[in-house]
Every structure is written in structure tokens, then in C-alpha cells.
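Novice: Here you go, run12.cif (mmCIF, C-alpha atoms):
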```cif
data_run
loop_
_atom_site.label_atom_id
_atom_site.label_comp_id
_atom_site.auth_asym_id
_atom_site.auth_seq_id
_atom_site.Cartn_x
_atom_site.Cartn_y
_atom_site.Cartn_z
CA MET A 1 109.04 78.73 -12.07
CA LYS A 2 107.47 82.14 -11.48
CA LEU A 3 104.61 80.54 -9.54
CA THR A 4 107.09 78.55 -7.45
CA ASN A 5 108.99 81.70 -6.56
CA GLN A 6 105.76 83.47 -5.64
CA LEU A 7 104.71 80.61 -3.37
CA ARG A 8 108.15 80.49 -1.76
CA THR A 9 108.03 84.22 -1.14
CA ARG A 10 104.49 84.08 0.21
CA PHE A 11 104.94 81.17 2.60
CA SER A 12 108.57 81.54 3.70
CA PRO A 13 109.41 83.42 6.91
CA PRO A 14 109.84 87.16 6.27
CA GLN A 15 113.33 88.37 5.52
CA PRO A 16 114.90 90.21 8.46
CA PHE A 17 115.74 93.88 8.21
CA SER A 18 119.35 94.85 7.78
CA GLY A 19 121.72 95.38 10.69
CA GLU A 20 120.63 97.62 13.52
CA ILE A 21 117.11 98.04 12.13
CA GLU A 22 116.42 94.34 12.73
CA GLN A 23 117.80 94.56 16.25
CA GLN A 24 115.58 97.55 16.98
CA PHE A 25 112.56 95.71 15.58
CA LEU A 26 113.25 92.71 17.81
CA ARG A 27 113.67 94.91 20.89
CA ASP A 28 110.45 96.77 20.16
CA TYR A 29 108.56 93.57 19.41
CA SER A 30 109.73 91.95 22.63
CA ALA A 31 108.83 95.01 24.72
CA LYS A 32 105.42 95.27 23.08
CA HIS A 33 104.42 91.70 23.92
CA ALA A 34 106.23 91.28 27.25
CA THR A 35 103.14 91.90 29.40
CA ARG A 36 101.02 89.50 27.34
CA ARG A 37 103.66 86.79 27.63
CA LYS A 38 104.00 87.26 31.38
CA LEU A 39 100.25 86.91 31.80
CA LEU A 40 100.14 83.80 29.65
CA SER A 41 103.05 82.28 31.54
CA VAL A 42 101.01 82.56 34.75
CA ILE A 43 97.81 81.22 33.22
CA ALA A 44 99.47 78.14 31.67
CA PRO A 45 100.66 76.43 34.89
CA CYS A 46 97.37 77.31 36.58
CA ILE A 47 95.47 75.48 33.84
CA CYS A 48 97.82 72.50 34.08
CA LEU A 49 97.40 72.45 37.85
CA GLY A 50 93.63 72.61 37.40
CA TYR A 51 93.65 69.53 35.17
CA PHE A 52 95.97 67.85 37.67
CA LEU A 53 93.40 68.43 40.40
CA PHE A 54 90.61 67.25 38.11
CA ASP A 55 92.44 63.98 37.50
CA GLY A 56 92.94 63.62 41.24
CA PHE A 57 89.26 64.28 41.90
CA TYR A 58 88.33 61.68 39.30
CA ALA A 59 90.72 59.16 40.86
CA PHE A 60 89.19 59.79 44.28
CA TYR A 61 85.77 58.62 43.07
CA ASP A 62 86.85 56.00 40.53
CA THR A 63 88.79 53.16 42.12
CA ALA A 64 89.60 51.62 38.73
CA PHE A 65 91.27 54.86 37.64
CA ARG A 66 93.17 55.35 40.92
CA PRO A 67 96.19 53.09 40.22
CA ALA A 68 96.79 54.74 36.86
CA PHE A 69 96.59 58.15 38.49
CA PHE A 70 99.20 57.45 41.15
CA LEU A 71 101.54 55.37 39.00
CA LYS A 72 101.36 57.25 35.69
CA ILE A 73 99.34 60.45 35.63
CA ALA A 74 100.50 62.11 38.85
CA PRO A 75 104.25 61.71 38.16
CA LEU A 76 103.87 62.96 34.59
CA ARG A 77 101.61 65.84 35.62
CA LEU A 78 103.97 66.82 38.42
CA THR A 79 107.02 66.73 36.15
CA GLY A 80 105.28 68.66 33.38
CA THR A 81 103.78 71.28 35.68
CA SER A 82 107.17 71.80 37.35
CA ALA A 83 108.80 72.32 33.95
CA ILE A 84 106.08 74.78 32.98
CA GLY A 85 106.60 76.59 36.28
CA LEU A 86 110.30 76.88 35.45
CA SER A 87 109.46 78.45 32.09
CA THR A 88 107.17 80.88 33.94
CA TRP A 89 110.09 81.89 36.15
CA MET A 90 112.17 82.44 33.02
CA VAL A 91 109.51 84.74 31.55
CA PHE A 92 109.73 87.04 34.56
CA ARG A 93 113.44 87.62 34.08
CA PRO A 94 114.31 91.16 32.87
CA ALA A 95 115.52 89.90 29.49
CA ILE A 96 111.94 89.21 28.41
CA ASN A 97 111.39 92.97 28.08
CA HIS A 98 114.05 93.61 25.46
CA SER A 99 115.29 90.33 23.97
CA GLU A 100 113.07 88.56 21.46
CA HIS A 101 115.56 85.70 21.27
CA TYR A 102 115.12 85.14 25.00
CA ALA A 103 111.34 85.42 24.62
CA ASN A 104 111.46 82.76 21.91
CA LEU A 105 113.46 80.50 24.21
CA CYS A 106 110.89 80.94 26.99
CA GLY A 107 108.02 80.27 24.61
CA ILE A 108 109.65 77.16 23.19
CA CYS A 109 110.40 75.81 26.68
CA GLY A 110 106.84 76.38 27.88
CA VAL A 111 105.17 74.88 24.82
CA VAL A 112 107.50 71.87 24.69
CA ALA A 113 107.02 71.17 28.41
CA THR A 114 103.23 71.28 28.15
CA TYR A 115 102.95 69.41 24.87
CA PHE A 116 105.40 66.67 25.80
CA MET A 117 103.63 66.15 29.13
CA LEU A 118 100.36 65.55 27.27
CA LEU A 119 102.11 63.43 24.67
CA ALA A 120 103.55 61.26 27.43
CA LEU A 121 100.10 60.95 29.00
CA THR A 122 98.57 59.80 25.71
CA TYR A 123 101.26 57.13 25.53
CA ALA A 124 100.94 56.05 29.15
CA MET A 125 97.16 55.83 29.39
CA PRO A 126 94.93 53.05 28.04
CA PHE A 127 93.99 53.38 24.38
CA PRO A 128 91.65 54.76 23.15
CA ASP A 129 89.41 56.47 25.75
CA GLU A 130 91.84 58.29 28.05
CA TYR A 131 94.12 58.76 25.07
CA PHE A 132 91.66 61.06 23.34
CA TYR A 133 91.07 63.01 26.54
CA TYR A 134 94.71 64.10 26.64
CA TYR A 135 94.94 64.42 22.87
CA ASP A 136 92.40 67.26 22.96
CA GLY A 137 94.69 69.07 25.36
CA MET A 138 97.43 68.98 22.76
CA LEU A 139 95.19 70.84 20.33
CA LEU A 140 94.62 73.48 23.02
CA VAL A 141 98.38 73.87 23.41
CA LEU A 142 98.67 74.51 19.67
CA LEU A 143 95.92 77.13 19.88
CA TYR A 144 97.84 78.74 22.75
CA LEU A 145 101.04 78.69 20.70
CA PHE A 146 99.65 80.09 17.47
CA GLY A 147 97.01 82.46 18.77
CA LEU A 148 98.44 84.00 21.92
CA THR A 149 102.22 83.82 22.32
CA LYS A 150 103.01 86.07 19.32
CA LEU A 151 106.20 84.15 18.57
CA LEU A 152 107.87 84.99 15.28
CA THR A 153 107.59 82.66 12.31
CA LYS A 154 110.95 80.88 12.53
CA PRO A 155 110.60 79.66 16.14
CA VAL A 156 107.01 78.66 15.39
CA LEU A 157 108.21 76.64 12.40
CA LEU A 158 110.87 74.99 14.56
CA LEU A 159 108.24 74.07 17.15
CA ILE A 160 105.93 72.67 14.49
CA ILE A 161 108.66 70.38 13.18
CA ILE A 162 109.58 69.17 16.67
CA LEU A 163 106.00 68.63 17.84
CA LEU A 164 104.81 66.86 14.69
CA LEU A 165 107.90 64.64 14.58
CA PHE A 166 107.55 63.42 18.15
CA SER A 167 103.77 63.14 17.78
CA ALA A 168 104.18 60.89 14.75
CA LEU A 169 106.67 58.71 16.62
CA THR A 170 104.34 58.43 19.61
CA PHE A 171 101.14 57.81 17.69
CA SER A 172 102.79 55.14 15.56
CA ALA A 173 102.47 52.93 18.65
CA TYR A 174 98.70 52.97 18.22
CA ASP A 175 96.79 51.28 15.44
CA ILE A 176 93.44 53.04 15.28
CA THR A 177 92.29 50.72 12.50
CA SER A 178 92.46 47.83 14.97
CA VAL A 179 89.57 49.38 16.92
CA LYS A 180 86.08 48.38 15.87
CA PRO A 181 85.28 49.74 12.37
CA ALA A 182 82.68 52.30 13.47
CA TYR A 183 85.13 53.83 15.91
CA ALA A 184 87.96 53.83 13.40
CA GLN A 185 85.80 55.68 10.87
CA GLU A 186 84.80 58.30 13.41
CA HIS A 187 88.36 58.95 14.63
CA GLU A 188 90.87 59.33 11.84
CA SER A 189 94.60 59.40 12.40
CA PRO A 190 95.43 61.84 15.23
CA MET A 191 98.11 63.34 13.00
CA VAL A 192 95.44 64.70 10.65
CA PHE A 193 94.08 67.26 13.08
CA LEU A 194 97.49 68.12 14.49
CA SER A 195 98.83 68.74 10.99
CA ILE A 196 95.83 70.90 10.07
CA PHE A 197 96.21 72.93 13.26
CA CYS A 198 99.93 73.36 12.63
CA GLY A 199 99.40 74.40 9.01
CA ILE A 200 96.83 77.02 9.93
CA GLY A 201 98.93 78.11 12.90
CA TYR A 202 101.97 78.65 10.72
CA LEU A 203 99.94 80.89 8.42
CA ILE A 204 98.71 82.85 11.43
CA ALA A 205 102.26 83.34 12.73
CA LEU A 206 103.42 84.30 9.25
CA GLU A 207 100.70 86.91 8.84
CA GLN A 208 101.30 88.29 12.34
CA GLU A 209 104.98 88.82 11.60
CA HIS A 210 104.28 90.47 8.24
CA ILE A 211 101.87 92.87 9.94
CA ALA A 212 104.33 93.59 12.75
CA ARG A 213 107.17 94.35 10.35
CA LYS A 214 105.02 96.64 8.22
CA ALA A 215 103.82 98.48 11.32
CA PHE A 216 107.41 98.90 12.50
CA LEU A 217 108.42 100.44 9.18
CA ARG A 218 105.52 102.88 9.34
CA GLU A 219 106.47 103.97 12.84
CA THR A 220 110.17 104.49 12.14
#
```
Spit out the file's structure as C-alpha cells when you get a sec.
Specialist:
Amino acid sequence: MKLTNQLRTRFSPPQPFSGEIEQQFLRDYSAKHATRRKLLSVIAPCICLGYFLFDGFYAFYDTAFRPAFFLKIAPLRLTGTSAIGLSTWMVFRPAINHSEHYANLCGICGVVATYFMLLALTYAMPFPDEYFYYYDGMLLVLLYLFGLTKLLTKPVLLLIIILLLFSALTFSAYDITSVKPAYAQEHESPMVFLSIFCGIGYLIALEQEHIARKAFLRET
């Protein structure tokens, strides 16, 4: 029982401060990371647009790929990039400088828009070759989420649950074991790597918040 309590304490999101102290922490935390988040919100749609152009360039030279680009990839890319652009606009609203709840909303919107766009592309494209091309992008989104956005633990945990749930539902449409045995052995279930990334990412977010809260107490 003692070990269980220790594990729960160690891996659960940190307890908030009481009353006004917590509100001050959230305001300070949001102000501290506002510039970083604005920069990331500009970089994200630029990267998505770059991949959009890469797909278009590939379709220009590959006639077999061209129908898939115009019928599937381009509409999904356009929709996803537009949604990411909307989240970028949200980040540049004044509330990002003093409201961590608003910053969490912006981060969740941006990550969900990017991840779901790639998830839709993995579903729409032929399995397995193009599928794994977009799957790698999903891992990059997770790295972006856990390593750069500085979201607090609870919104990160919420995102992990949402992303893994919809990933599992999407990937259940594919039977990797039906591919030739050598290929199936080389590429395990896509959920394995996503789950590992999410587990490590949660620990990173957890540690970041612990450090931030300790630093806040030292400074006040």
C-alpha cells in the first residue's frame, strides 16, 4: 500500500497551490512561455505548408501519385493547415500572455489539428508505404507537444488520452500481420511507438511542471 501511494504521488499531476497563489503561478507561467508559444505557433503551419508543397512536387513528377494527391491529400492538407493557422491566430490574442487556461486551449487546438490531419492521411492513403510516411509525422507532433509547448501535465494527459484513443480506432483498420512476414516483423503495431512516446512525454511534462512549481516557490 505504501509503494502504491508513493507511485501515485510520483506519477500523478502535481497538486495545485491554494487560492490566489495558484492563480499567480498560472499567470507567471503563461507570461514566461508566451514568446516561445507564439514562435512555435508560426513554425508549425510553415512546416505543414512545406510538407504540403512537397506532396505537390511529388505529385507533379509521379503521375500514379497525382490522383491521390488531388482527391485525398490536398483536401486534407488544406483543411488541417487552415485549422492550424486558426490556432496560430488564437495564440496571438492578448490572453496568451496572462491566461494559462487559454494557452492550454490554444495548444490543444494546434496539436489536435495537426495530429488528426496526419491521422486522416494515414487512413486515406494506400497501406503500408504512404501510411508510414505520414505516421512518422505523428511522432514529430508528439515531440513538438512534449518537448516544446511547455503545457502543464493535466492538458498533456488529456491530449495523450484523446490521441491514443483515436489512433487505436484508426489503426484497427489495418492488419499489419497480413503483410508479408518479413515486413510484419520489421514494423510492429504502430501503437507501440506512439504509446512509448506518450509515456515518455508524460514524464517530461510531469517533471517540467514540478520544476516550474518549485522555481515559483523559490521566487515568491
Novice: Taking the file as shown, find all residues satisfying the PyMOL selection byres ((chain A and resi 101) around 10) and write them as a ChimeraX atom specification.
Specialist: /A:26-27,30,95-96,98-100,102-107,151-152,155
Novice: Can you turn the PyMOL selection byres ((chain A and resi 202) around 8) into a concrete residue list for this file, as number ranges by chain?
Specialist: A: 146, 153, 156-157, 198-201, 203-206
Novice: Pull out every residue that the PyMOL selection byres ((chain A and resi 166) around 12) matches in the shown coordinates and put them as number ranges by chain.
Specialist: A: 112, 115-120, 123, 159-165, 167-173, 191, 194
Novice: Please report, as AutoDock Vina command-line options, the centre and edge lengths in Å to one decimal of an axis-aligned box covering all listed atoms of segment 75-88 of chain A with 8 Å per side.
Specialist:
```
--center_x 106.0 --center_y 71.3 --center_z 35.3 --size_x 24.7 --size_y 35.2 --size_z 22.3
```
Novice: Restricting the calculation to all atoms listed in the file: of A:Ser12, A:Thr79, A:Thr88, A:Gln23, which residue gets closest to Cys46 of chain A?
Specialist: A:Thr88
Novice: With N, CA and C atoms retained, output segment 98-109 of chain A as a tab-separated table (two decimals), in the first residue's frame.
Specialist:
```tsv
chain	number	residue	atom	x	y	z
A	98	HIS	N	-1.28	36.04	-20.29
A	98	HIS	CA	-1.60	36.01	-18.86
A	98	HIS	C	-2.54	34.89	-18.44
A	99	SER	N	-3.06	34.13	-19.40
A	99	SER	CA	-4.01	33.06	-19.06
A	99	SER	C	-3.46	31.71	-19.50
A	100	GLU	N	-3.07	30.90	-18.54
A	100	GLU	CA	-2.56	29.57	-18.88
A	100	GLU	C	-3.68	28.66	-19.38
A	101	HIS	N	-4.89	28.88	-18.91
A	101	HIS	CA	-6.02	28.10	-19.41
A	101	HIS	C	-6.23	28.37	-20.91
A	102	TYR	N	-6.10	29.62	-21.30
A	102	TYR	CA	-6.23	29.96	-22.72
A	102	TYR	C	-5.06	29.37	-23.51
A	103	ALA	N	-3.87	29.42	-22.94
A	103	ALA	CA	-2.70	28.85	-23.61
A	103	ALA	C	-2.87	27.34	-23.80
A	104	ASN	N	-3.44	26.68	-22.80
A	104	ASN	CA	-3.71	25.24	-22.93
A	104	ASN	C	-4.70	24.97	-24.06
A	105	LEU	N	-5.73	25.81	-24.15
A	105	LEU	CA	-6.72	25.66	-25.21
A	105	LEU	C	-6.06	25.80	-26.58
A	106	CYS	N	-5.21	26.81	-26.72
A	106	CYS	CA	-4.50	27.02	-27.99
A	106	CYS	C	-3.61	25.83	-28.33
A	107	GLY	N	-2.89	25.35	-27.32
A	107	GLY	CA	-2.00	24.21	-27.54
A	107	GLY	C	-2.77	22.96	-27.94
A	108	ILE	N	-3.87	22.71	-27.26
A	108	ILE	CA	-4.69	21.54	-27.58
A	108	ILE	C	-5.24	21.64	-29.00
A	109	CYS	N	-5.73	22.82	-29.37
A	109	CYS	CA	-6.29	23.01	-30.71
A	109	CYS	C	-5.23	22.77	-31.78
```
